[in-house]
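Structure file start03.cif with mmCIF, C-alpha atoms; chains and numbers go by the auth columns:
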```
data_query
loop_
_atom_site.group_PDB
_atom_site.id
_atom_site.type_symbol
_atom_site.label_atom_id
_atom_site.label_comp_id
_atom_site.label_asym_id
_atom_site.label_seq_id
_atom_site.Cartn_x
_atom_site.Cartn_y
_atom_site.Cartn_z
_atom_site.B_iso_or_equiv
_atom_site.auth_seq_id
_atom_site.auth_asym_id
ATOM 1 C CA MET A 1 112.691 55.117 85.640 0.00 505 A
ATOM 2 C CA LEU A 2 113.307 58.505 87.249 0.00 506 A
ATOM 3 C CA ILE A 3 116.318 59.121 85.002 0.00 507 A
ATOM 4 C CA PHE A 4 114.303 58.266 81.901 0.00 508 A
ATOM 5 C CA CYS A 5 111.373 60.463 83.010 0.00 509 A
ATOM 6 C CA LEU A 6 113.710 63.395 83.587 0.00 510 A
ATOM 7 C CA GLY A 7 115.340 62.793 80.212 0.00 511 A
ATOM 8 C CA TYR A 8 111.960 62.682 78.480 0.00 512 A
ATOM 9 C CA ALA A 9 110.815 65.843 80.283 0.00 513 A
ATOM 10 C CA LEU A 10 113.978 67.602 79.093 0.00 514 A
ATOM 11 C CA PHE A 11 113.420 66.338 75.546 0.00 515 A
ATOM 12 C CA ARG A 12 109.828 67.617 75.498 0.00 516 A
ATOM 13 C CA THR A 13 110.992 70.950 76.911 0.00 517 A
ATOM 14 C CA LEU A 14 113.609 71.382 74.202 0.00 518 A
ATOM 15 C CA ARG A 15 111.351 70.031 71.461 0.00 519 A
ATOM 16 C CA PRO A 16 107.752 70.765 72.444 0.00 520 A
ATOM 17 C CA GLY A 17 105.185 68.974 70.326 0.00 521 A
ATOM 18 C CA SER A 18 101.858 70.200 69.092 0.00 522 A
ATOM 19 C CA ASN A 19 99.930 67.701 71.209 0.00 523 A
ATOM 20 C CA ARG A 20 101.352 67.965 74.733 0.00 524 A
ATOM 21 C CA GLN A 21 97.880 67.632 76.282 0.00 525 A
ATOM 22 C CA TYR A 22 95.919 64.522 75.358 0.00 526 A
ATOM 23 C CA PRO A 23 92.152 64.028 75.506 0.00 527 A
ATOM 24 C CA ALA A 24 90.529 60.837 76.774 0.00 528 A
ATOM 25 C CA ASN A 25 90.999 59.254 73.353 0.00 529 A
ATOM 26 C CA PRO A 26 94.421 60.356 72.078 0.00 530 A
ATOM 27 C CA VAL A 27 94.029 58.364 68.863 0.00 531 A
ATOM 28 C CA HIS A 28 92.248 61.280 67.201 0.00 532 A
ATOM 29 C CA SER A 29 94.512 63.963 68.654 0.00 533 A
ATOM 30 C CA ALA A 30 97.843 63.361 66.969 0.00 534 A
ATOM 31 C CA LYS A 31 98.966 62.722 63.447 0.00 535 A
ATOM 32 C CA GLY A 32 99.866 59.066 63.044 0.00 536 A
ATOM 33 C CA ALA A 33 98.743 58.188 66.564 0.00 537 A
ATOM 34 C CA GLY A 34 96.111 55.806 65.245 0.00 538 A
ATOM 35 C CA ILE A 35 98.664 53.432 63.715 0.00 539 A
ATOM 36 C CA LEU A 36 98.687 50.269 65.798 0.00 540 A
ATOM 37 C CA PRO A 37 101.911 48.231 65.527 0.00 541 A
ATOM 38 C CA GLY A 38 101.390 44.770 64.121 0.00 542 A
ATOM 39 C CA LYS A 39 103.326 41.565 64.685 0.00 543 A
ATOM 40 C CA LEU A 40 106.041 42.507 62.179 0.00 544 A
ATOM 41 C CA LYS A 41 106.839 45.802 63.901 0.00 545 A
ATOM 42 C CA ILE A 42 106.848 44.161 67.333 0.00 546 A
ATOM 43 C CA TRP A 43 109.251 41.495 66.066 0.00 547 A
ATOM 44 C CA GLY A 44 111.338 44.380 64.733 0.00 548 A
ATOM 45 C CA LEU A 45 111.402 45.840 68.227 0.00 549 A
ATOM 46 C CA ILE A 46 112.511 42.464 69.577 0.00 550 A
ATOM 47 C CA LEU A 47 115.360 42.296 67.067 0.00 551 A
ATOM 48 C CA ALA A 48 116.414 45.881 67.825 0.00 552 A
ATOM 49 C CA ILE A 49 116.533 45.095 71.545 0.00 553 A
ATOM 50 C CA THR A 50 118.489 41.928 70.792 0.00 554 A
ATOM 51 C CA VAL A 51 121.187 43.650 68.740 0.00 555 A
ATOM 52 C CA LEU A 52 121.621 46.563 71.149 0.00 556 A
ATOM 53 C CA THR A 53 121.714 44.273 74.185 0.00 557 A
ATOM 54 C CA PHE A 54 124.309 42.060 72.504 0.00 558 A
ATOM 55 C CA LEU A 55 126.507 45.078 71.672 0.00 559 A
ATOM 56 C CA VAL A 56 126.129 46.740 75.069 0.00 560 A
ATOM 57 C CA ARG A 57 127.291 43.570 76.797 0.00 561 A
ATOM 58 C CA PHE A 58 130.736 43.851 75.219 0.00 562 A
ATOM 59 C CA PRO A 59 131.805 46.677 77.565 0.00 563 A
ATOM 60 C CA TRP A 60 129.252 45.803 80.294 0.00 564 A
ATOM 61 C CA PRO A 61 128.709 42.035 80.560 0.00 565 A
ATOM 62 C CA ASN A 62 125.675 40.640 82.303 0.00 566 A
ATOM 63 C CA GLY A 63 126.201 40.736 86.047 0.00 567 A
ATOM 64 C CA THR A 64 128.179 43.986 86.136 0.00 568 A
ATOM 65 C CA ALA A 65 126.859 47.176 87.703 0.00 569 A
ATOM 66 C CA PHE A 66 127.876 50.795 88.169 0.00 570 A
ATOM 67 C CA TYR A 67 126.392 52.268 91.347 0.00 571 A
ATOM 68 C CA ASN A 68 123.628 49.664 91.057 0.00 572 A
ATOM 69 C CA LEU A 69 122.945 50.671 87.438 0.00 573 A
ATOM 70 C CA GLN A 70 123.054 47.572 85.239 0.00 574 A
ATOM 71 C CA PHE A 71 123.976 48.960 81.845 0.00 575 A
ATOM 72 C CA CYS A 72 123.758 45.454 80.367 0.00 576 A
ATOM 73 C CA TYR A 73 119.956 45.859 80.481 0.00 577 A
ATOM 74 C CA PHE A 74 119.700 49.548 79.581 0.00 578 A
ATOM 75 C CA SER A 75 118.966 49.022 75.894 0.00 579 A
ATOM 76 C CA GLN A 76 115.902 47.023 76.953 0.00 580 A
ATOM 77 C CA TYR A 77 114.879 49.700 79.448 0.00 581 A
ATOM 78 C CA VAL A 78 115.257 52.556 76.958 0.00 582 A
ATOM 79 C CA LEU A 79 113.368 50.900 74.097 0.00 583 A
ATOM 80 C CA PHE A 80 110.580 49.707 76.406 0.00 584 A
ATOM 81 C CA PHE A 81 110.298 53.233 77.814 0.00 585 A
ATOM 82 C CA CYS A 82 109.999 54.635 74.289 0.00 586 A
ATOM 83 C CA ALA A 83 107.428 51.977 73.400 0.00 587 A
ATOM 84 C CA GLY A 84 105.414 52.844 76.508 0.00 588 A
ATOM 85 C CA THR A 85 105.420 56.516 75.576 0.00 589 A
ATOM 86 C CA LEU A 86 104.179 55.724 72.071 0.00 590 A
ATOM 87 C CA ALA A 87 101.604 53.309 73.494 0.00 591 A
ATOM 88 C CA PHE A 88 100.077 56.113 75.556 0.00 592 A
ATOM 89 C CA ARG A 89 100.065 58.556 72.658 0.00 593 A
ATOM 90 C CA GLY A 90 98.353 56.003 70.404 0.00 594 A
ATOM 91 C CA ASP A 91 96.071 54.415 73.029 0.00 595 A
ATOM 92 C CA TRP A 92 97.570 51.030 72.131 0.00 596 A
ATOM 93 C CA LEU A 93 96.823 49.307 75.440 0.00 597 A
ATOM 94 C CA ALA A 94 93.091 49.565 74.800 0.00 598 A
ATOM 95 C CA ARG A 95 93.349 48.570 71.141 0.00 599 A
ATOM 96 C CA PHE A 96 95.500 45.447 70.947 0.00 600 A
ATOM 97 C CA SER A 97 93.227 42.619 69.813 0.00 601 A
ATOM 98 C CA ILE A 98 92.465 39.504 71.823 0.00 602 A
ATOM 99 C CA SER A 99 93.913 37.347 69.037 0.00 603 A
ATOM 100 C CA SER A 100 97.130 39.371 69.221 0.00 604 A
ATOM 101 C CA GLY A 101 97.314 38.752 72.970 0.00 605 A
ATOM 102 C CA LYS A 102 96.846 35.014 72.448 0.00 606 A
ATOM 103 C CA TYR A 103 99.533 34.976 69.763 0.00 607 A
ATOM 104 C CA TRP A 104 102.095 36.605 72.043 0.00 608 A
ATOM 105 C CA GLY A 105 101.034 34.321 74.866 0.00 609 A
ATOM 106 C CA ARG A 106 101.938 31.330 72.690 0.00 610 A
ATOM 107 C CA VAL A 107 105.242 32.962 71.767 0.00 611 A
ATOM 108 C CA ALA A 108 106.030 33.511 75.460 0.00 612 A
ATOM 109 C CA LEU A 109 105.059 29.990 76.497 0.00 613 A
ATOM 110 C CA ILE A 110 106.342 27.894 73.617 0.00 614 A
ATOM 111 C CA GLY A 111 109.189 30.076 72.383 0.00 615 A
ATOM 112 C CA GLY A 112 110.259 31.084 75.855 0.00 616 A
ATOM 113 C CA LEU A 113 110.432 27.558 77.231 0.00 617 A
ATOM 114 C CA THR A 114 111.946 25.876 74.181 0.00 618 A
ATOM 115 C CA GLY A 115 114.389 28.726 73.659 0.00 619 A
ATOM 116 C CA TRP A 116 115.513 28.595 77.279 0.00 620 A
ATOM 117 C CA VAL A 117 116.054 24.831 77.213 0.00 621 A
ATOM 118 C CA ALA A 118 117.876 25.002 73.870 0.00 622 A
ATOM 119 C CA LEU A 119 120.183 27.742 75.146 0.00 623 A
ATOM 120 C CA LEU A 120 121.054 25.774 78.269 0.00 624 A
ATOM 121 C CA VAL A 121 121.609 22.457 76.505 0.00 625 A
ATOM 122 C CA LEU A 122 123.384 23.621 73.351 0.00 626 A
ATOM 123 C CA GLY A 123 125.345 26.433 74.986 0.00 627 A
ATOM 124 C CA GLY A 124 127.056 24.284 77.586 0.00 628 A
ATOM 125 C CA ALA A 125 125.355 25.717 80.675 0.00 629 A
ATOM 126 C CA PHE A 126 125.056 22.279 82.275 0.00 630 A
ATOM 127 C CA LYS A 127 128.801 21.833 81.802 0.00 631 A
ATOM 128 C CA GLY A 128 129.568 25.029 83.698 0.00 632 A
ATOM 129 C CA GLN A 129 130.329 27.114 80.597 0.00 633 A
ATOM 130 C CA LEU A 130 128.514 30.225 81.794 0.00 634 A
ATOM 131 C CA ALA A 131 130.907 33.031 80.850 0.00 635 A
ATOM 132 C CA ALA A 132 129.818 32.989 77.198 0.00 636 A
ATOM 133 C CA TYR A 133 126.240 33.847 78.205 0.00 637 A
ATOM 134 C CA ARG A 134 127.242 37.066 79.959 0.00 638 A
ATOM 135 C CA GLY A 135 128.638 38.939 76.962 0.00 639 A
ATOM 136 C CA GLY A 136 131.300 39.132 74.291 0.00 640 A
ATOM 137 C CA LEU A 137 131.542 37.670 70.820 0.00 641 A
ATOM 138 C CA HIS A 138 129.699 34.446 71.646 0.00 642 A
ATOM 139 C CA TRP A 139 126.542 33.019 70.114 0.00 643 A
ATOM 140 C CA GLN A 140 125.342 32.195 73.613 0.00 644 A
ATOM 141 C CA SER A 141 125.357 35.898 74.500 0.00 645 A
ATOM 142 C CA LEU A 142 123.433 36.720 71.320 0.00 646 A
ATOM 143 C CA GLY A 143 120.991 33.913 72.026 0.00 647 A
ATOM 144 C CA MET A 144 120.457 35.102 75.586 0.00 648 A
ATOM 145 C CA ALA A 145 119.854 38.654 74.366 0.00 649 A
ATOM 146 C CA PHE A 146 117.261 37.394 71.872 0.00 650 A
ATOM 147 C CA TRP A 147 115.572 35.158 74.442 0.00 651 A
ATOM 148 C CA GLU A 148 115.300 38.014 76.946 0.00 652 A
ATOM 149 C CA ALA A 149 113.894 40.407 74.328 0.00 653 A
ATOM 150 C CA MET A 150 111.443 37.905 72.873 0.00 654 A
ATOM 151 C CA THR A 151 110.173 36.517 76.156 0.00 655 A
ATOM 152 C CA GLY A 152 109.937 39.889 77.891 0.00 656 A
ATOM 153 C CA THR A 153 108.073 41.487 74.992 0.00 657 A
ATOM 154 C CA ALA A 154 105.745 38.520 74.475 0.00 658 A
ATOM 155 C CA ILE A 155 104.848 38.222 78.156 0.00 659 A
ATOM 156 C CA SER A 156 104.189 41.965 78.331 0.00 660 A
ATOM 157 C CA MET A 157 101.910 41.868 75.298 0.00 661 A
ATOM 158 C CA TYR A 158 99.967 38.879 76.615 0.00 662 A
ATOM 159 C CA LEU A 159 99.516 40.320 80.103 0.00 663 A
ATOM 160 C CA ILE A 160 98.375 43.693 78.743 0.00 664 A
ATOM 161 C CA VAL A 161 95.525 42.066 76.822 0.00 665 A
ATOM 162 C CA TRP A 162 94.702 39.493 79.532 0.00 666 A
ATOM 163 C CA PHE A 163 94.468 42.026 82.339 0.00 667 A
ATOM 164 C CA ARG A 164 92.522 44.443 80.133 0.00 668 A
ATOM 165 C CA GLN A 165 89.925 41.784 79.361 0.00 669 A
ATOM 166 C CA LYS A 166 89.714 40.120 82.788 0.00 670 A
ATOM 167 C CA PHE A 167 90.641 42.726 85.388 0.00 671 A
ATOM 168 C CA ASN A 168 89.931 46.125 83.820 0.00 672 A
ATOM 169 C CA ARG A 169 88.121 47.469 86.868 0.00 673 A
ATOM 170 C CA GLN A 170 88.978 48.957 90.251 0.00 674 A
ATOM 171 C CA GLY A 171 87.387 48.949 93.654 0.00 675 A
ATOM 172 C CA ALA A 172 88.155 51.444 96.401 0.00 676 A
ATOM 173 C CA ALA A 173 91.233 49.530 97.582 0.00 677 A
ATOM 174 C CA ALA A 174 92.687 49.168 94.085 0.00 678 A
ATOM 175 C CA ARG A 175 92.131 52.868 93.366 0.00 679 A
ATOM 176 C CA TYR A 176 93.963 53.775 96.581 0.00 680 A
ATOM 177 C CA PHE A 177 96.952 51.552 95.860 0.00 681 A
ATOM 178 C CA SER A 178 97.245 52.558 92.205 0.00 682 A
ATOM 179 C CA ALA A 179 96.945 56.275 93.002 0.00 683 A
ATOM 180 C CA ASN A 180 99.826 56.067 95.476 0.00 684 A
ATOM 181 C CA ALA A 181 101.964 53.467 93.687 0.00 685 A
ATOM 182 C CA PHE A 182 104.350 55.927 92.018 0.00 686 A
ATOM 183 C CA ALA A 183 104.869 57.933 95.207 0.00 687 A
ATOM 184 C CA VAL A 184 105.643 54.725 97.097 0.00 688 A
ATOM 185 C CA TYR A 185 108.083 53.755 94.356 0.00 689 A
ATOM 186 C CA VAL A 186 109.891 57.066 94.828 0.00 690 A
ATOM 187 C CA PHE A 187 109.962 57.191 98.634 0.00 691 A
ATOM 188 C CA HIS A 188 110.004 53.568 99.794 0.00 692 A
ATOM 189 C CA THR A 189 113.803 53.267 99.867 0.00 693 A
ATOM 190 C CA PRO A 190 114.542 55.826 102.639 0.00 694 A
ATOM 191 C CA ILE A 191 111.500 54.577 104.571 0.00 695 A
ATOM 192 C CA LEU A 192 112.699 50.985 104.317 0.00 696 A
ATOM 193 C CA ILE A 193 116.230 51.920 105.380 0.00 697 A
ATOM 194 C CA ALA A 194 114.975 53.946 108.370 0.00 698 A
ATOM 195 C CA LEU A 195 112.702 51.129 109.568 0.00 699 A
ATOM 196 C CA SER A 196 115.476 48.555 109.051 0.00 700 A
ATOM 197 C CA ARG A 197 117.812 50.540 111.277 0.00 701 A
ATOM 198 C CA MET A 198 115.086 50.936 113.891 0.00 702 A
ATOM 199 C CA ILE A 199 114.614 47.175 114.265 0.00 703 A
ATOM 200 C CA SER A 200 118.288 46.222 113.768 0.00 704 A
ATOM 201 C CA GLY A 201 118.732 45.800 117.519 0.00 705 A
ATOM 202 C CA ILE A 202 115.811 43.395 117.841 0.00 706 A
ATOM 203 C CA HIS A 203 116.962 39.783 117.898 0.00 707 A
ATOM 204 C CA GLY A 204 114.838 37.086 116.320 0.00 708 A
ATOM 205 C CA PRO A 205 114.486 34.749 113.330 0.00 709 A
ATOM 206 C CA LEU A 206 115.558 36.536 110.153 0.00 710 A
ATOM 207 C CA LEU A 207 112.557 35.317 108.159 0.00 711 A
ATOM 208 C CA LEU A 208 110.173 36.625 110.795 0.00 712 A
ATOM 209 C CA LYS A 209 111.947 40.000 110.850 0.00 713 A
ATOM 210 C CA PHE A 210 111.829 40.109 107.054 0.00 714 A
ATOM 211 C CA CYS A 211 108.070 39.492 106.975 0.00 715 A
ATOM 212 C CA PHE A 212 107.487 42.029 109.753 0.00 716 A
ATOM 213 C CA LEU A 213 109.617 44.675 108.033 0.00 717 A
ATOM 214 C CA THR A 214 107.879 44.074 104.699 0.00 718 A
ATOM 215 C CA LEU A 215 104.406 44.583 106.127 0.00 719 A
ATOM 216 C CA VAL A 216 105.363 47.598 108.226 0.00 720 A
ATOM 217 C CA SER A 217 107.266 49.225 105.339 0.00 721 A
ATOM 218 C CA LEU A 218 104.285 48.830 103.038 0.00 722 A
ATOM 219 C CA ALA A 219 101.883 50.276 105.586 0.00 723 A
ATOM 220 C CA VAL A 220 104.138 53.219 106.491 0.00 724 A
ATOM 221 C CA SER A 221 105.059 53.961 102.854 0.00 725 A
ATOM 222 C CA TYR A 222 101.475 54.080 101.668 0.00 726 A
ATOM 223 C CA ALA A 223 100.338 56.045 104.721 0.00 727 A
ATOM 224 C CA LEU A 224 103.043 58.710 104.360 0.00 728 A
ATOM 225 C CA CYS A 225 102.592 58.992 100.604 0.00 729 A
ATOM 226 C CA SER A 226 98.802 59.308 100.714 0.00 730 A
ATOM 227 C CA MET A 227 98.551 61.584 103.778 0.00 731 A
ATOM 228 C CA LEU A 228 101.736 63.669 103.453 0.00 732 A
ATOM 229 C CA PHE A 229 103.918 63.526 100.358 0.00 733 A
ATOM 230 C CA ARG A 230 101.109 63.686 97.758 0.00 734 A
ATOM 231 C CA LYS A 231 99.552 66.666 99.565 0.00 735 A
ATOM 232 C CA LEU A 232 102.651 68.875 99.515 0.00 736 A
ATOM 233 C CA PRO A 233 102.273 71.810 97.057 0.00 737 A
ATOM 234 C CA LEU A 234 105.099 70.857 94.670 0.00 738 A
ATOM 235 C CA LEU A 235 104.998 67.083 94.982 0.00 739 A
ATOM 236 C CA LYS A 236 101.252 66.722 94.428 0.00 740 A
ATOM 237 C CA GLN A 237 101.740 67.998 90.874 0.00 741 A
ATOM 238 C CA ILE A 238 104.294 65.279 90.206 0.00 742 A
ATOM 239 C CA LEU A 239 103.062 62.310 92.255 0.00 743 A
#
```

Structure translated into structure tokens:
Amino acid sequence: MLIFCLGYALFRTLRPGSNRQYPANPVHSAKGAGILPGKLKIWGLILAITVLTFLVRFPWPNGTAFYNLQFCYFSQYVLFFCAGTLAFRGDWLARFSISSGKYWGRVALIGGLTGWVALLVLGGAFKGQLAAYRGGLHWQSLGMAFWEAMTGTAISMYLIVWFRQKFNRQGAAARYFSANAFAVYVFHTPILIALSRMISGIHGPLLLKFCFLTLVSLAVSYALCSMLFRKLPLLKQIL
């Protein structure tokens, strides 16, 4: 996420647009921003993700990583990041219809479940033939890439509409957590590592230590981000 944000910031610096500041309703602020993608375009996105994922997994099969970067999923990450950017510019999240959300919910439920079962049964997963799913010139790899793209996109579309219709409100607690969520995302790793080392000498059940560390890390991360990091002169403009 940070890499993509930096890349997008560099892109906008090198190619500044005419609408870098957006009003409350960006639909009327940019040429073409009012065009809402329909089912055909979203299926096109799914197919594009499928093809790129299938090709990327030739050099980087599923399960491989480079310094914890899983390139086998990067085509999905990049295209979803681009879609999210366009969604903001066109105010899509507020404009997808309820019927569209229900349609993608059915795709996620029916297509996701049947596709998963078909892949496992027909591809030989129950016989231990798992290598073909990870990458290479195998139909199982192509099928897995399509299933991931279809299910991930469909679930995302359904949840966007469902949450917008049912939970599009915030109380004081929700506003606090959402305001600090990105800062916690950025800084939680060093906080978690520091707290882990602090309690490494304490002996006890691992599950209990895990639960304790989770709760303490959350509390400390949110406290530091809200009271310190987001108040620093430079960081408060970013976080």

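The residues caught by the PyMOL selection byres ((chain A and resi 600) around 9) in this file are Leu540, Pro541, Trp596, Leu597, Ala598, Arg599, Ser601, Ile602, Ser603, Ser604, Gly605, Met661, Ile664 and Val665 of chain A.
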
Query raised in the report: Which residues, written as a ChimeraX atom specification, have at least one atom at most 9 Å from region 506-514 of chain A, with all atoms listed in the file counted and residues fewer than 6 positions away on the same chain left out?
Result: /A:581-582,585,690

**Report entry** Distance query Val720 (chain A) at most 9 Å, only C-alpha atoms, self and fewer than 5 positions along chain excluded, as a PyMOL selection string
**Finding:** chain A and resi 696+699+715+725

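Taking CA of Gln580 (chain A) as the reference point, CA of Gly594 (chain A) is found at 20.8 Å.
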
Excluding same-chain residues fewer than 4 positions from Val560 (chain A), what lies within 7 Å of it counting only C-alpha atoms, as a PDB file with C-alpha atoms, in the frame of the given file?
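After the write, part_16.pdb holds the following:
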```
ATOM      1  CA  LEU A 556     121.621  46.563  71.149  1.00  0.00           C
ATOM      2  CA  TRP A 564     129.252  45.803  80.294  1.00  0.00           C
ATOM      3  CA  CYS A 576     123.758  45.454  80.367  1.00  0.00           C
TER       4      CYS A 576
END
```

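Interatomic distance, CA of Ala587 (chain A) against CA of Gln741 (chain A): 24.4 Å.
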
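Candidate residues A:Ala687, A:Val611, A:Val724, A:Ala629 were compared for distance to Leu736 (chain A), and the nearest is A:Ala687, using all atoms listed in the file.
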
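Our summary of the geometry notes that CA of Leu712 (chain A) is positioned 25.4 Å from CA of Ala685 (chain A).
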
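Among A:Phe650, A:Trp643, A:Phe584, A:Tyr607, the residue with the shortest atom-to-atom distance to Gly619 (chain A), counting only C-alpha atoms, is A:Phe650.
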
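For the choices A:Arg638, A:Arg516, A:Lys545, A:Lys606, the atom-to-atom distance to Asn566 (chain A) is smallest for A:Arg638 when using only C-alpha atoms.
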
Requested in this report: Enumerate, as an MDAnalysis selection string, the residues matched when the PyMOL selection byres ((chain A and resi 554) around 12) is run on the file above.
Outcome: chainID A and resid 547:553 555:561 576:580 583 645:657

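Candidate residues A:Ala569, A:Gly675, A:Leu717, A:Phe575 were compared for distance to Arg701 (chain A), and the nearest is A:Leu717, using all atoms listed in the file.
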
Query - Close residues, Lys713 (chain A) itself excluded, 12 Å, all atoms listed in the file, min 4 positions apart in chain, as a PyMOL selection string - result: chain A and resi 699-700+702-709+717-721

Atoms to include: C-alpha atoms. Write the selected residues as a JSON list (two decimals), in the frame of the given file.
```json
[["chain", "number", "residue", "atom", "x", "y", "z"],
["A", 699, "LEU", "CA", 112.70, 51.13, 109.57],
["A", 700, "SER", "CA", 115.48, 48.56, 109.05],
["A", 702, "MET", "CA", 115.09, 50.94, 113.89],
["A", 703, "ILE", "CA", 114.61, 47.18, 114.26],
["A", 704, "SER", "CA", 118.29, 46.22, 113.77],
["A", 705, "GLY", "CA", 118.73, 45.80, 117.52],
["A", 706, "ILE", "CA", 115.81, 43.40, 117.84],
["A", 707, "HIS", "CA", 116.96, 39.78, 117.90],
["A", 708, "GLY", "CA", 114.84, 37.09, 116.32],
["A", 709, "PRO", "CA", 114.49, 34.75, 113.33],
["A", 717, "LEU", "CA", 109.62, 44.68, 108.03],
["A", 718, "THR", "CA", 107.88, 44.07, 104.70],
["A", 719, "LEU", "CA", 104.41, 44.58, 106.13],
["A", 720, "VAL", "CA", 105.36, 47.60, 108.23],
["A", 721, "SER", "CA", 107.27, 49.22, 105.34]]
```

Query raised in the report: Mind listing as a VMD selection string all residues within 12 Å of (120.0, 25.0, 77.0), counting all atoms listed in the file?
Result: chain A and resid 616 to 634 637 644 647 to 648 651
